[in-house]
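Below: protein09.cif (mmCIF, C-alpha atoms)
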data_my_file
#
loop_
_atom_site.label_atom_id
_atom_site.label_comp_id
_atom_site.auth_asym_id
_atom_site.auth_seq_id
_atom_site.Cartn_x
_atom_site.Cartn_y
_atom_site.Cartn_z
CA MET A 1 2.95 20.94 -20.69
CA LEU A 2 1.69 18.63 -17.95
CA ASN A 3 1.01 14.90 -18.00
CA ASP A 4 -2.74 14.77 -18.70
CA ARG A 5 -2.95 11.22 -17.35
CA LEU A 6 -2.76 12.73 -13.88
CA ASP A 7 -6.05 14.62 -14.36
CA ILE A 8 -7.93 11.52 -13.21
CA LEU A 9 -6.45 11.90 -9.73
CA GLY A 10 -8.15 15.17 -8.87
CA GLU A 11 -7.41 16.88 -5.57
CA GLY A 12 -5.78 14.81 -2.84
CA PRO A 13 -8.21 13.59 -0.16
CA PHE A 14 -5.94 14.60 2.72
CA ARG A 15 -6.10 18.23 1.58
CA LYS A 16 -9.90 18.03 1.32
CA LEU A 17 -10.14 16.56 4.81
CA ALA A 18 -7.85 19.24 6.23
CA MET A 19 -10.04 21.97 4.73
CA LEU A 20 -13.19 20.41 6.19
CA ILE A 21 -11.66 19.95 9.63
CA GLU A 22 -10.44 23.55 9.70
CA GLN A 23 -14.08 24.68 9.52
CA MET A 24 -15.20 22.57 12.46
CA ALA A 25 -14.96 23.28 16.17
CA PRO A 26 -15.56 20.32 18.52
CA ALA A 27 -17.60 20.78 21.67
CA ALA A 28 -15.45 22.10 24.48
CA ASN A 29 -16.43 19.24 26.82
CA LEU A 30 -15.85 16.45 24.27
CA PRO A 31 -12.33 15.45 23.19
CA PRO A 32 -12.30 14.93 19.40
CA ILE A 33 -11.52 11.53 17.90
CA ASN A 34 -9.70 12.16 14.63
CA LEU A 35 -10.41 9.37 12.13
CA SER A 36 -9.25 11.32 9.08
CA ILE A 37 -5.79 9.77 8.62
CA GLY A 38 -4.53 6.37 9.70
CA GLU A 39 -1.33 7.04 11.57
CA PRO A 40 0.24 5.84 14.84
CA GLN A 41 -1.11 7.57 17.91
CA TRP A 42 1.87 6.79 20.13
CA GLY A 43 5.42 8.08 20.04
CA CYS A 44 8.54 6.05 19.30
CA PRO A 45 10.22 4.14 22.14
CA GLU A 46 12.78 6.27 23.97
CA PHE A 47 15.73 4.24 22.73
CA VAL A 48 15.00 5.30 19.14
CA GLY A 49 15.99 8.89 19.94
CA ASP A 50 19.18 7.67 21.59
CA VAL A 51 20.14 5.63 18.52
CA ILE A 52 19.43 8.54 16.18
CA GLU A 53 21.52 10.89 18.30
CA ALA A 54 24.39 8.39 18.45
CA HIS A 55 24.52 8.33 14.64
CA ARG A 56 23.98 12.05 14.06
CA HIS A 57 27.50 12.42 12.71
CA LEU A 58 26.51 10.25 9.72
CA TYR A 59 23.64 12.50 8.57
CA GLY A 60 25.77 14.10 5.87
CA ARG A 61 26.37 10.77 4.10
CA TYR A 62 24.13 8.65 1.92
CA PRO A 63 22.83 5.54 3.68
CA PRO A 64 23.21 2.14 1.98
CA PRO A 65 20.40 1.92 -0.64
CA ARG A 66 19.35 -1.56 0.50
CA GLY A 67 19.64 -0.77 4.20
CA THR A 68 22.01 -2.71 6.42
CA ARG A 69 21.97 -6.49 6.45
CA ASP A 70 21.24 -6.38 10.20
CA TYR A 71 18.07 -4.40 9.45
CA ARG A 72 16.96 -6.75 6.66
CA GLU A 73 17.55 -9.78 8.87
CA ALA A 74 15.58 -8.16 11.70
CA ALA A 75 12.69 -7.44 9.31
CA MET A 76 12.78 -11.03 8.06
CA ALA A 77 12.80 -12.38 11.63
CA TRP A 78 9.77 -10.24 12.49
CA LEU A 79 7.85 -11.54 9.46
CA ASN A 80 8.72 -15.12 10.40
CA ARG A 81 7.45 -14.59 13.96
CA ARG A 82 4.39 -12.57 12.99
CA TYR A 83 3.12 -14.94 10.30
CA GLY A 84 4.61 -18.25 11.41
CA LEU A 85 6.62 -18.67 8.21
CA ARG A 86 8.80 -21.71 7.78
CA PRO A 87 12.55 -21.13 8.19
CA GLY A 88 14.30 -20.41 4.91
CA LEU A 89 11.20 -19.17 3.08
CA LEU A 90 12.48 -15.58 3.08
CA ASP A 91 15.94 -14.46 2.06
CA PRO A 92 16.96 -11.05 3.48
CA ASP A 93 19.01 -10.34 0.35
CA ARG A 94 16.19 -11.18 -2.10
CA HIS A 95 12.88 -10.56 -0.37
CA ILE A 96 13.40 -7.59 1.98
CA VAL A 97 13.58 -4.13 0.40
CA PRO A 98 13.59 -1.13 2.78
CA VAL A 99 11.76 1.96 1.51
CA SER A 100 11.24 5.46 2.87
CA GLY A 101 7.50 5.16 3.41
CA THR A 102 4.57 3.76 1.44
CA LYS A 103 4.67 6.27 -1.40
CA GLU A 104 8.18 5.31 -2.47
CA GLY A 105 7.30 1.62 -2.29
CA MET A 106 4.04 1.97 -4.22
CA PHE A 107 5.44 4.15 -6.99
CA THR A 108 8.56 2.01 -7.42
CA LEU A 109 6.62 -1.25 -7.52
CA ALA A 110 4.16 0.17 -10.07
CA GLN A 111 7.06 1.17 -12.33
CA VAL A 112 8.47 -2.36 -12.09
CA ALA A 113 5.18 -4.26 -12.39
CA ILE A 114 3.40 -2.36 -15.17
CA PRO A 115 4.82 -3.03 -18.66
CA GLN A 116 4.81 -0.48 -21.46
CA SER A 117 3.59 -2.15 -24.64
CA ALA A 118 1.85 -1.20 -27.86
CA GLY A 119 -1.93 -1.32 -27.98
CA SER A 120 -4.29 -0.98 -25.04
CA ALA A 121 -2.85 0.37 -21.82
CA PRO A 122 -2.46 -2.26 -19.09
CA ILE A 123 -5.00 -2.23 -16.27
CA ALA A 124 -4.36 -1.88 -12.55
CA LEU A 125 -7.12 -3.24 -10.30
CA LEU A 126 -7.69 -1.09 -7.21
CA PRO A 127 -10.10 -1.39 -4.29
CA ASN A 128 -12.67 1.35 -3.79
CA PRO A 129 -12.48 3.07 -1.28
CA TYR A 130 -8.73 3.28 -1.72
CA TYR A 131 -5.53 5.00 -0.65
CA HIS A 132 -5.01 7.87 -3.11
CA THR A 133 -1.38 6.88 -3.62
CA TYR A 134 -2.53 3.62 -5.27
CA ALA A 135 -4.07 5.58 -8.14
CA GLY A 136 -1.17 8.02 -8.36
CA ALA A 137 1.36 5.21 -8.60
CA VAL A 138 -0.40 3.19 -11.31
CA VAL A 139 -1.40 6.20 -13.42
CA SER A 140 2.17 7.54 -13.31
CA ALA A 141 3.35 4.13 -14.51
CA GLY A 142 1.02 4.29 -17.53
CA ALA A 143 -1.75 1.95 -16.38
CA GLU A 144 -5.50 2.50 -16.53
CA PRO A 145 -6.93 2.25 -12.99
CA VAL A 146 -10.06 0.15 -12.56
CA PHE A 147 -11.79 0.73 -9.24
CA VAL A 148 -13.49 -2.38 -7.85
CA PRO A 149 -16.16 -1.65 -5.20
CA ALA A 150 -15.74 -3.02 -1.69
CA THR A 151 -19.29 -2.93 -0.34
CA ARG A 152 -21.41 -4.68 2.26
CA LYS A 153 -22.50 -7.10 -0.47
CA THR A 154 -18.88 -8.15 -1.12
CA GLY A 155 -17.91 -8.31 2.55
CA PHE A 156 -16.25 -4.87 2.32
CA LEU A 157 -13.46 -6.38 0.20
CA PRO A 158 -13.29 -6.07 -3.61
CA ASP A 159 -14.58 -9.05 -5.62
CA PHE A 160 -11.90 -9.09 -8.32
CA ALA A 161 -13.05 -12.48 -9.61
CA ALA A 162 -16.37 -10.93 -10.69
CA LEU A 163 -14.62 -8.83 -13.35
CA ASP A 164 -14.95 -9.97 -16.96
CA LYS A 165 -12.20 -12.12 -18.43
CA GLU A 166 -11.02 -9.50 -20.92
CA MET A 167 -10.38 -7.02 -18.13
CA LEU A 168 -8.53 -9.61 -16.05
CA GLU A 169 -6.37 -10.51 -19.05
CA ARG A 170 -5.33 -6.85 -19.41
CA ALA A 171 -4.51 -6.54 -15.71
CA ALA A 172 -0.84 -6.05 -14.83
CA LEU A 173 -1.24 -5.25 -11.14
CA CYS A 174 -3.87 -5.82 -8.46
CA ILE A 175 -3.82 -4.06 -5.08
CA VAL A 176 -5.74 -5.15 -2.01
CA CYS A 177 -5.54 -3.56 1.44
CA SER A 178 -6.01 -5.76 4.51
CA PRO A 179 -7.17 -4.69 7.04
CA ALA A 180 -9.03 -2.46 4.60
CA ASN A 181 -9.11 1.27 5.16
CA PRO A 182 -11.62 2.63 6.07
CA GLN A 183 -13.85 -0.46 6.20
CA GLY A 184 -11.70 -2.50 8.59
CA ALA A 185 -12.42 -5.77 6.74
CA VAL A 186 -9.67 -8.40 6.88
CA ALA A 187 -8.86 -10.68 3.94
CA ASP A 188 -8.86 -14.22 5.34
CA ALA A 189 -6.77 -17.13 4.07
CA GLU A 190 -9.51 -18.32 1.69
CA TYR A 191 -9.90 -14.88 0.12
CA LEU A 192 -6.14 -14.59 -0.39
CA ARG A 193 -5.85 -18.12 -1.80
CA HIS A 194 -8.51 -17.34 -4.41
CA LEU A 195 -6.85 -14.03 -5.24
CA ILE A 196 -3.43 -15.65 -5.65
CA ALA A 197 -4.99 -18.27 -7.95
CA LEU A 198 -6.63 -15.50 -9.98
CA ALA A 199 -3.31 -13.66 -10.29
CA ARG A 200 -1.57 -16.82 -11.50
CA GLU A 201 -4.36 -17.61 -13.96
CA HIS A 202 -4.28 -14.16 -15.56
CA ASP A 203 -0.59 -13.39 -15.01
CA PHE A 204 -0.80 -10.20 -12.97
CA ILE A 205 1.19 -9.14 -9.92
CA LEU A 206 -0.60 -9.06 -6.57
CA LEU A 207 0.26 -6.33 -4.07
CA VAL A 208 -1.15 -6.86 -0.57
CA ASP A 209 -0.93 -3.70 1.52
CA GLU A 210 -0.95 -4.67 5.22
CA CYS A 211 -0.01 -1.30 6.69
CA TYR A 212 -2.75 -1.61 9.35
CA ALA A 213 -1.97 -5.20 10.32
CA GLU A 214 -0.75 -4.17 13.78
CA PHE A 215 -3.62 -1.83 14.64
#
For this file, produce the structure as structure tokens.
Amino acid sequence: MLNDRLDILGEGPFRKLAMLIEQMAPAANLPPINLSIGEPQWGCPEFVGDVIEAHRHLYGRYPPPRGTRDYREAAMAWLNRRYGLRPGLLDPDRHIVPVSGTKEGMFTLAQVAIPQSAGSAPIALLPNPYYHTYAGAVVSAGAEPVFVPATRKTGFLPDFAALDKEMLERAALCIVCSPANPQGAVADAEYLRHLIALAREHDFILLVDECYAEF
């Protein structure tokens, strides 16, 4: 017997895109520009391979679950530089959690953020268009996904504040992607301030996915 909650997910979009691309042949004189998946187009710096090779003898052992403190401190220092955060705002032992890619992070956070209680299922607010993993994570955690359109009218970002109060009160988690994929819209400081205020007012957790911040 399978979990029927997962029926809402349907077929993964990456598989659909792959099937469509397989049927297409670009013109021989035009190099194709692949916009199907957002991923880095450049290789890792050369020193990365050297570091991996130097630690090859450790591959048969489990790494520390929280990563090394050096790594967490480096991640914290990057965030401080990138966003101009005041010293001491972040604690590498409390606020930095290494994960093995976005899927692990999304699914784990959904399990932590979405409570299981009697009565109506909690709601997770998702942008539309959206990363398919958002829906997979919240549905697996027992939440009802509510897809909020991000259209030209809303500046290509979801207008969560336009939802009715009852829906906002049921919300346990809200996800916003900035820069948005595929629209490219960026949530400015005012948008984020209003969204944080909305999350505090209705007591839901806000997840801001900034995976394209450096593109």
Compile the contact shell of stretch 185-194 of chain A as a list of chain:residue names: residues with an atom at most 9 Å away, counting only C-alpha atoms, same-chain residues fewer than 6 positions apart removed. A:Gly155, A:Phe156, A:Leu157, A:Ala161, A:Val176, A:Cys177, A:Ser178, A:Pro179
With all atoms listed in the file counted and 10 Å as the cut-off, give the residues of stretch 124-145 of chain A in contact with stretch 81-105 of chain A, each with its shortest interatomic distance in Å and the pair that gives it, as JSON lines.
{"residue": "A:His132", "atom": "CA", "partner": "A:Lys103", "partner_atom": "CA", "distance": 10.0}
{"residue": "A:Thr133", "atom": "CA", "partner": "A:Lys103", "partner_atom": "CA", "distance": 6.5}
{"residue": "A:Tyr134", "atom": "CA", "partner": "A:Lys103", "partner_atom": "CA", "distance": 8.6}
{"residue": "A:Gly136", "atom": "CA", "partner": "A:Lys103", "partner_atom": "CA", "distance": 9.3}
{"residue": "A:Ala137", "atom": "CA", "partner": "A:Lys103", "partner_atom": "CA", "distance": 8.0}
Write the residues of the selection above to a file with C-alpha atoms, as a PDB file, in the frame of the given file.
ATOM      1  CA  HIS A 132      -5.010   7.870  -3.110  1.00  0.00           C
ATOM      2  CA  THR A 133      -1.380   6.880  -3.620  1.00  0.00           C
ATOM      3  CA  TYR A 134      -2.530   3.620  -5.270  1.00  0.00           C
ATOM      4  CA  GLY A 136      -1.170   8.020  -8.360  1.00  0.00           C
ATOM      5  CA  ALA A 137       1.360   5.210  -8.600  1.00  0.00           C
TER       6      ALA A 137
END
Name the closest residue to A:Pro129 among the candidates A:Ala197, A:Leu79, A:Ala180, A:Ala162; distances are taken between atoms, counting only C-alpha atoms. A:Ala180
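For the choices A:Ile114, A:Trp42, A:Gly49, A:Glu22, the atom-to-atom distance to A:Asp203 is smallest for A:Ile114 when using all atoms listed in the file.
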Between atom CA of A:Leu20 and atom CA of A:Asp7, distance in Å (one decimal):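 According to the coordinates, atom CA of A:Leu20 and atom CA of A:Asp7 are separated by 22.5 Å.
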One decimal, Å: what's the distance from atom CA of A:Tyr62 over to atom CA of A:Ala141, could you say?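 Distance between the two atoms: 26.9 Å.
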Starting from the displayed file, determine the output of the PyMOL selection byres ((chain A and resi 124) around 9) and express the residue list as a ChimeraX atom specification. /A:114,122-123,125-126,135,138-139,143-147,170-175
Any idea what the distance is between atom CA of A:Leu109 and atom CA of A:Leu207?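 Atom CA of A:Leu207 lies at a distance of 8.8 Å from atom CA of A:Leu109.
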Using only C-alpha atoms: which of A:Val51, A:Leu30, A:Gly184, A:Leu195 has the shortest distance to A:Ala150: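 Closest to A:Ala150 of all the choices is A:Gly184.
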Report the centre and edge lengths, in Å to one decimal, of an axis-aligned box enclosing every atom of stretch 136-140 of chain A listed in the file, padded by 5 Å on each side, as AutoDock Vina command-line options.
--center_x 0.4 --center_y 5.6 --center_z -10.9 --size_x 13.6 --size_y 14.8 --size_z 15.1
